[in-house]
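Data first, discussion second: the structure below is written as structure tokens.
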Amino acid sequence: MSNFVFALNATVPVFLIILLGFFLQKIGFLNDSFNNTADAFVFRCALPVSLFRSIAGMDFYGDFDPRFCLFCFFGTTVMFAGVWGASWLLLKDKSQVGAFAQASARSSAAILGVALATNIYGDAGMVPMMIMSAVPFFNVYSVLILSFSPQVDEDGRLLPGSHGMSAVKRACVNVAKNPLILGILAGLPFALLRLTVPAMIDSALKSIGNTATPIALLVVGASFSGAQALKRWKSATVSALVKLFLLPAIFLPLAGAMGFRDSQMIAILIMAGSPTTVACFIMAKNMKADSVLTANAVLLSTLLSAPSLTFWLYLMRLWGRI
């Protein structure tokens, strides 16, 4: 029961901020001008700064476990590649491929992971190692998926020239110029060389990075359009079920068979089975993917994650892995 209450405490505030954004949009307090400016700020400033601090503050050498880190890296790679390939094969509407694949594979690992592990074990355990091994590739693979997938306009209609060599060229440009990738790359020298960001600068960066999630959640809620949203609920529901149940059902037994236990298993659960991160919505909107489908996936996976995380924690406890 305590795990269920914790999961509710972690996910209900997310839902309430989305609901607040929707309400403020309905009464005319938030409008399209705010949404466009806010999601550009989050994409180009707040999220890159948050990723920079996360990477720069990691201890690459302290608790390094090569076997666990390799599992997280290859697990992330297989997860994104598998979901993307299945999306191309099974989705009839190819305009949804990029948004569906990203939302089904990309977890809110950095936000939820440390909190969940600390709640259970009293410290973060192996979650930072998972974040180091997986989260940077969440962003790289998301950029690649959205770059190579068909682009759509705000109504979900395919844009011309979004296939073939133009997609290859766009992918190269997007990876090289993507603010999230640049934020990760900027943080790497600090982590590898054990450099410290001056306290005054780090405090300012922390304040900027902390704005990413609440502003992004407000934009998710304010961007909901009734008629358009209803058209994407079926795909969003499938995406949420893949994210919360199918991927953990694949990776948790595999991790257990390889001998991982305790905080390692919690970290892998967060990697594979935590709700879709709100950063998916910001990236989808800025890279001309289906942002309505992504917003629905964020909302549904957040709502369903309390029972799903509790379910997996209960099973792992019965199995004797945590």
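Following the order of the structure tokens, first chain is A, next is B, and so on, with residues numbered from 1 inside each chain and ligands from 1 in the order they appear.
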
Quiz item: Skipping near chain neighbours, those fewer than 6 positions away, what residues fall within 8 Å of stretch 199-214 of chain A using only C-alpha atoms, listed as a ChimeraX atom specification?
Solution: /A:17,42,45-50,53,278-279

Practice problem: Within 12 Å of A:Lys26, counting only C-alpha atoms, which residues show up once you throw out same-chain ones fewer than 2 positions away? Write them as a ChimeraX atom specification, please. | Solution: /A:19-24,28-32,221-226

What would the file look like if the residues just selected were written as a PDB file, in the first residue's frame with C-alpha atoms?
```pdb
ATOM      1  CA  LEU A  19      -5.359  19.897 -15.727  1.00  0.00           C
ATOM      2  CA  LEU A  20      -4.509  23.431 -14.613  1.00  0.00           C
ATOM      3  CA  GLY A  21      -3.061  24.195 -18.059  1.00  0.00           C
ATOM      4  CA  PHE A  22      -6.244  22.904 -19.695  1.00  0.00           C
ATOM      5  CA  PHE A  23      -8.435  25.000 -17.365  1.00  0.00           C
ATOM      6  CA  LEU A  24      -6.373  28.171 -17.903  1.00  0.00           C
ATOM      7  CA  GLY A  28      -8.600  32.324 -22.005  1.00  0.00           C
ATOM      8  CA  PHE A  29      -5.717  32.953 -19.602  1.00  0.00           C
ATOM      9  CA  LEU A  30      -3.317  30.866 -21.721  1.00  0.00           C
ATOM     10  CA  ASN A  31      -3.368  31.064 -25.506  1.00  0.00           C
ATOM     11  CA  ASP A  32      -1.474  29.845 -28.574  1.00  0.00           C
ATOM     12  CA  GLY A 221      -2.755  20.910 -20.805  1.00  0.00           C
ATOM     13  CA  ALA A 222      -3.187  24.198 -22.662  1.00  0.00           C
ATOM     14  CA  SER A 223      -2.587  22.480 -26.025  1.00  0.00           C
ATOM     15  CA  PHE A 224      -5.454  20.017 -25.696  1.00  0.00           C
ATOM     16  CA  SER A 225      -8.032  20.411 -28.443  1.00  0.00           C
ATOM     17  CA  GLY A 226     -11.151  18.339 -27.905  1.00  0.00           C
TER      18      GLY A 226
END
```

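Nearest residue to A:Leu182 among A:Asp262, A:Leu318, A:Ala240, A:Phe52 is A:Phe52, counting only C-alpha atoms.
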
Using only C-alpha atoms, which residues of stretch 180-236 of chain A come within 7 Å of stretch 286-309 of chain A, and what is the closest atom pair for each, with the distance in Å to one decimal? Give it as a Markdown table, sorted by chain and residue number.
```
| residue | atom | partner | partner_atom | distance |
| --- | --- | --- | --- | --- |
| A:Val220 | CA | A:Ala295 | CA | 5.8 |
| A:Ala229 | CA | A:Val292 | CA | 6.0 |
| A:Arg232 | CA | A:Leu293 | CA | 5.2 |
| A:Trp233 | CA | A:Asn296 | CA | 6.6 |
| A:Ala236 | CA | A:Ala297 | CA | 4.6 |
```

Just the selected residues (all heavy atoms), exported as a PDB file, in the first residue's frame, please.
```pdb
ATOM      1  N   VAL A 220       1.252  21.233 -22.127  1.00  0.00           N
ATOM      2  CA  VAL A 220       0.530  20.013 -22.498  1.00  0.00           C
ATOM      3  C   VAL A 220      -0.970  20.207 -22.281  1.00  0.00           C
ATOM      4  O   VAL A 220      -1.796  19.934 -23.156  1.00  0.00           O
ATOM      5  CB  VAL A 220       1.035  18.802 -21.681  1.00  0.00           C
ATOM      6  CG1 VAL A 220       0.094  17.605 -21.876  1.00  0.00           C
ATOM      7  CG2 VAL A 220       2.435  18.419 -22.114  1.00  0.00           C
ATOM      8  N   ALA A 229      -7.907  15.783 -30.047  1.00  0.00           N
ATOM      9  CA  ALA A 229      -7.448  14.847 -29.020  1.00  0.00           C
ATOM     10  C   ALA A 229      -8.203  13.525 -29.090  1.00  0.00           C
ATOM     11  O   ALA A 229      -7.606  12.452 -28.938  1.00  0.00           O
ATOM     12  CB  ALA A 229      -7.616  15.480 -27.636  1.00  0.00           C
ATOM     13  N   ARG A 232      -6.907  10.781 -31.380  1.00  0.00           N
ATOM     14  CA  ARG A 232      -5.639  10.114 -31.071  1.00  0.00           C
ATOM     15  C   ARG A 232      -5.710   9.229 -29.824  1.00  0.00           C
ATOM     16  O   ARG A 232      -4.719   8.645 -29.440  1.00  0.00           O
ATOM     17  CB  ARG A 232      -4.518  11.140 -30.838  1.00  0.00           C
ATOM     18  CG  ARG A 232      -4.419  12.305 -31.789  1.00  0.00           C
ATOM     19  CD  ARG A 232      -4.235  11.991 -33.239  1.00  0.00           C
ATOM     20  NE  ARG A 232      -3.512  13.045 -33.937  1.00  0.00           N
ATOM     21  CZ  ARG A 232      -4.044  14.196 -34.314  1.00  0.00           C
ATOM     22  NH1 ARG A 232      -5.315  14.471 -34.065  1.00  0.00           N
ATOM     23  NH2 ARG A 232      -3.299  15.091 -34.953  1.00  0.00           N
ATOM     24  N   TRP A 233      -6.875   9.115 -29.177  1.00  0.00           N
ATOM     25  CA  TRP A 233      -6.932   8.380 -27.909  1.00  0.00           C
ATOM     26  C   TRP A 233      -6.616   6.902 -28.081  1.00  0.00           C
ATOM     27  O   TRP A 233      -5.988   6.297 -27.212  1.00  0.00           O
ATOM     28  CB  TRP A 233      -8.305   8.541 -27.257  1.00  0.00           C
ATOM     29  CG  TRP A 233      -8.415   9.785 -26.446  1.00  0.00           C
ATOM     30  CD1 TRP A 233      -9.181  10.873 -26.726  1.00  0.00           C
ATOM     31  CD2 TRP A 233      -7.710  10.110 -25.242  1.00  0.00           C
ATOM     32  NE1 TRP A 233      -8.994  11.845 -25.774  1.00  0.00           N
ATOM     33  CE2 TRP A 233      -8.100  11.400 -24.849  1.00  0.00           C
ATOM     34  CE3 TRP A 233      -6.782   9.425 -24.458  1.00  0.00           C
ATOM     35  CZ2 TRP A 233      -7.598  12.021 -23.705  1.00  0.00           C
ATOM     36  CZ3 TRP A 233      -6.273  10.040 -23.318  1.00  0.00           C
ATOM     37  CH2 TRP A 233      -6.686  11.317 -22.961  1.00  0.00           C
ATOM     38  N   ALA A 236      -2.891   6.600 -28.390  1.00  0.00           N
ATOM     39  CA  ALA A 236      -2.273   6.994 -27.124  1.00  0.00           C
ATOM     40  C   ALA A 236      -2.457   5.910 -26.061  1.00  0.00           C
ATOM     41  O   ALA A 236      -1.554   5.668 -25.251  1.00  0.00           O
ATOM     42  CB  ALA A 236      -2.869   8.311 -26.640  1.00  0.00           C
TER      43      ALA A 236
END
```

Exercise. May I have the residues within 8 Å of A:Ala134 as a PyMOL selection string, using only C-alpha atoms and disregarding those fewer than 5 positions away in the same chain?
Key: chain A and resi 72-73+76+271

Practice problem: Can you check which residues of stretch 243-287 of chain A DSSP gives as alpha helix (DSSP H) on the backbone and send them as an MDAnalysis selection string? | Solution: chainID A and resid 247:257 263:273 279:286

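Here atom CA of A:Ser149 stands at a distance of 16.9 Å from atom CA of A:Met79.
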
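The coordinates place atom CA of A:Phe148 at 26.5 Å from atom CA of A:Phe245.
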
For the contact check between stretch 177-257 of chain A and stretch 98-110 of chain A, emit one row per residue of stretch 177-257 of chain A within 10 Å, containing the shortest atom pair and the distance in Å rounded to one decimal, counting only C-alpha atoms, chain then rising number order, as JSON lines.
```
{"residue": "A:Ser235", "atom": "CA", "partner": "A:Phe100", "partner_atom": "CA", "distance": 7.3}
{"residue": "A:Ala236", "atom": "CA", "partner": "A:Phe100", "partner_atom": "CA", "distance": 7.4}
{"residue": "A:Val238", "atom": "CA", "partner": "A:Ser104", "partner_atom": "CA", "distance": 8.5}
{"residue": "A:Ser239", "atom": "CA", "partner": "A:Ser104", "partner_atom": "CA", "distance": 4.9}
{"residue": "A:Ala240", "atom": "CA", "partner": "A:Ser104", "partner_atom": "CA", "distance": 6.5}
{"residue": "A:Leu241", "atom": "CA", "partner": "A:Ser104", "partner_atom": "CA", "distance": 8.3}
{"residue": "A:Val242", "atom": "CA", "partner": "A:Ser104", "partner_atom": "CA", "distance": 6.0}
{"residue": "A:Lys243", "atom": "CA", "partner": "A:Ser104", "partner_atom": "CA", "distance": 4.9}
{"residue": "A:Leu244", "atom": "CA", "partner": "A:Ser104", "partner_atom": "CA", "distance": 8.6}
{"residue": "A:Leu246", "atom": "CA", "partner": "A:Ser104", "partner_atom": "CA", "distance": 9.8}
{"residue": "A:Leu247", "atom": "CA", "partner": "A:Ala105", "partner_atom": "CA", "distance": 8.2}
```

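Comparing A:Cys69, A:Ala249, A:Ala38, A:Met258 by their smallest distance to A:Val127, the closest is A:Cys69 (using only C-alpha atoms).
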
Quiz item: What is the atom CA of A:Ile184 to atom CA of A:Pro136 distance in Å?
Solution: 6.6 Å

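Closest to A:Arg317 among A:Met265, A:Ile250, A:Val140, A:Ile131 is A:Met265, based on only C-alpha atoms.
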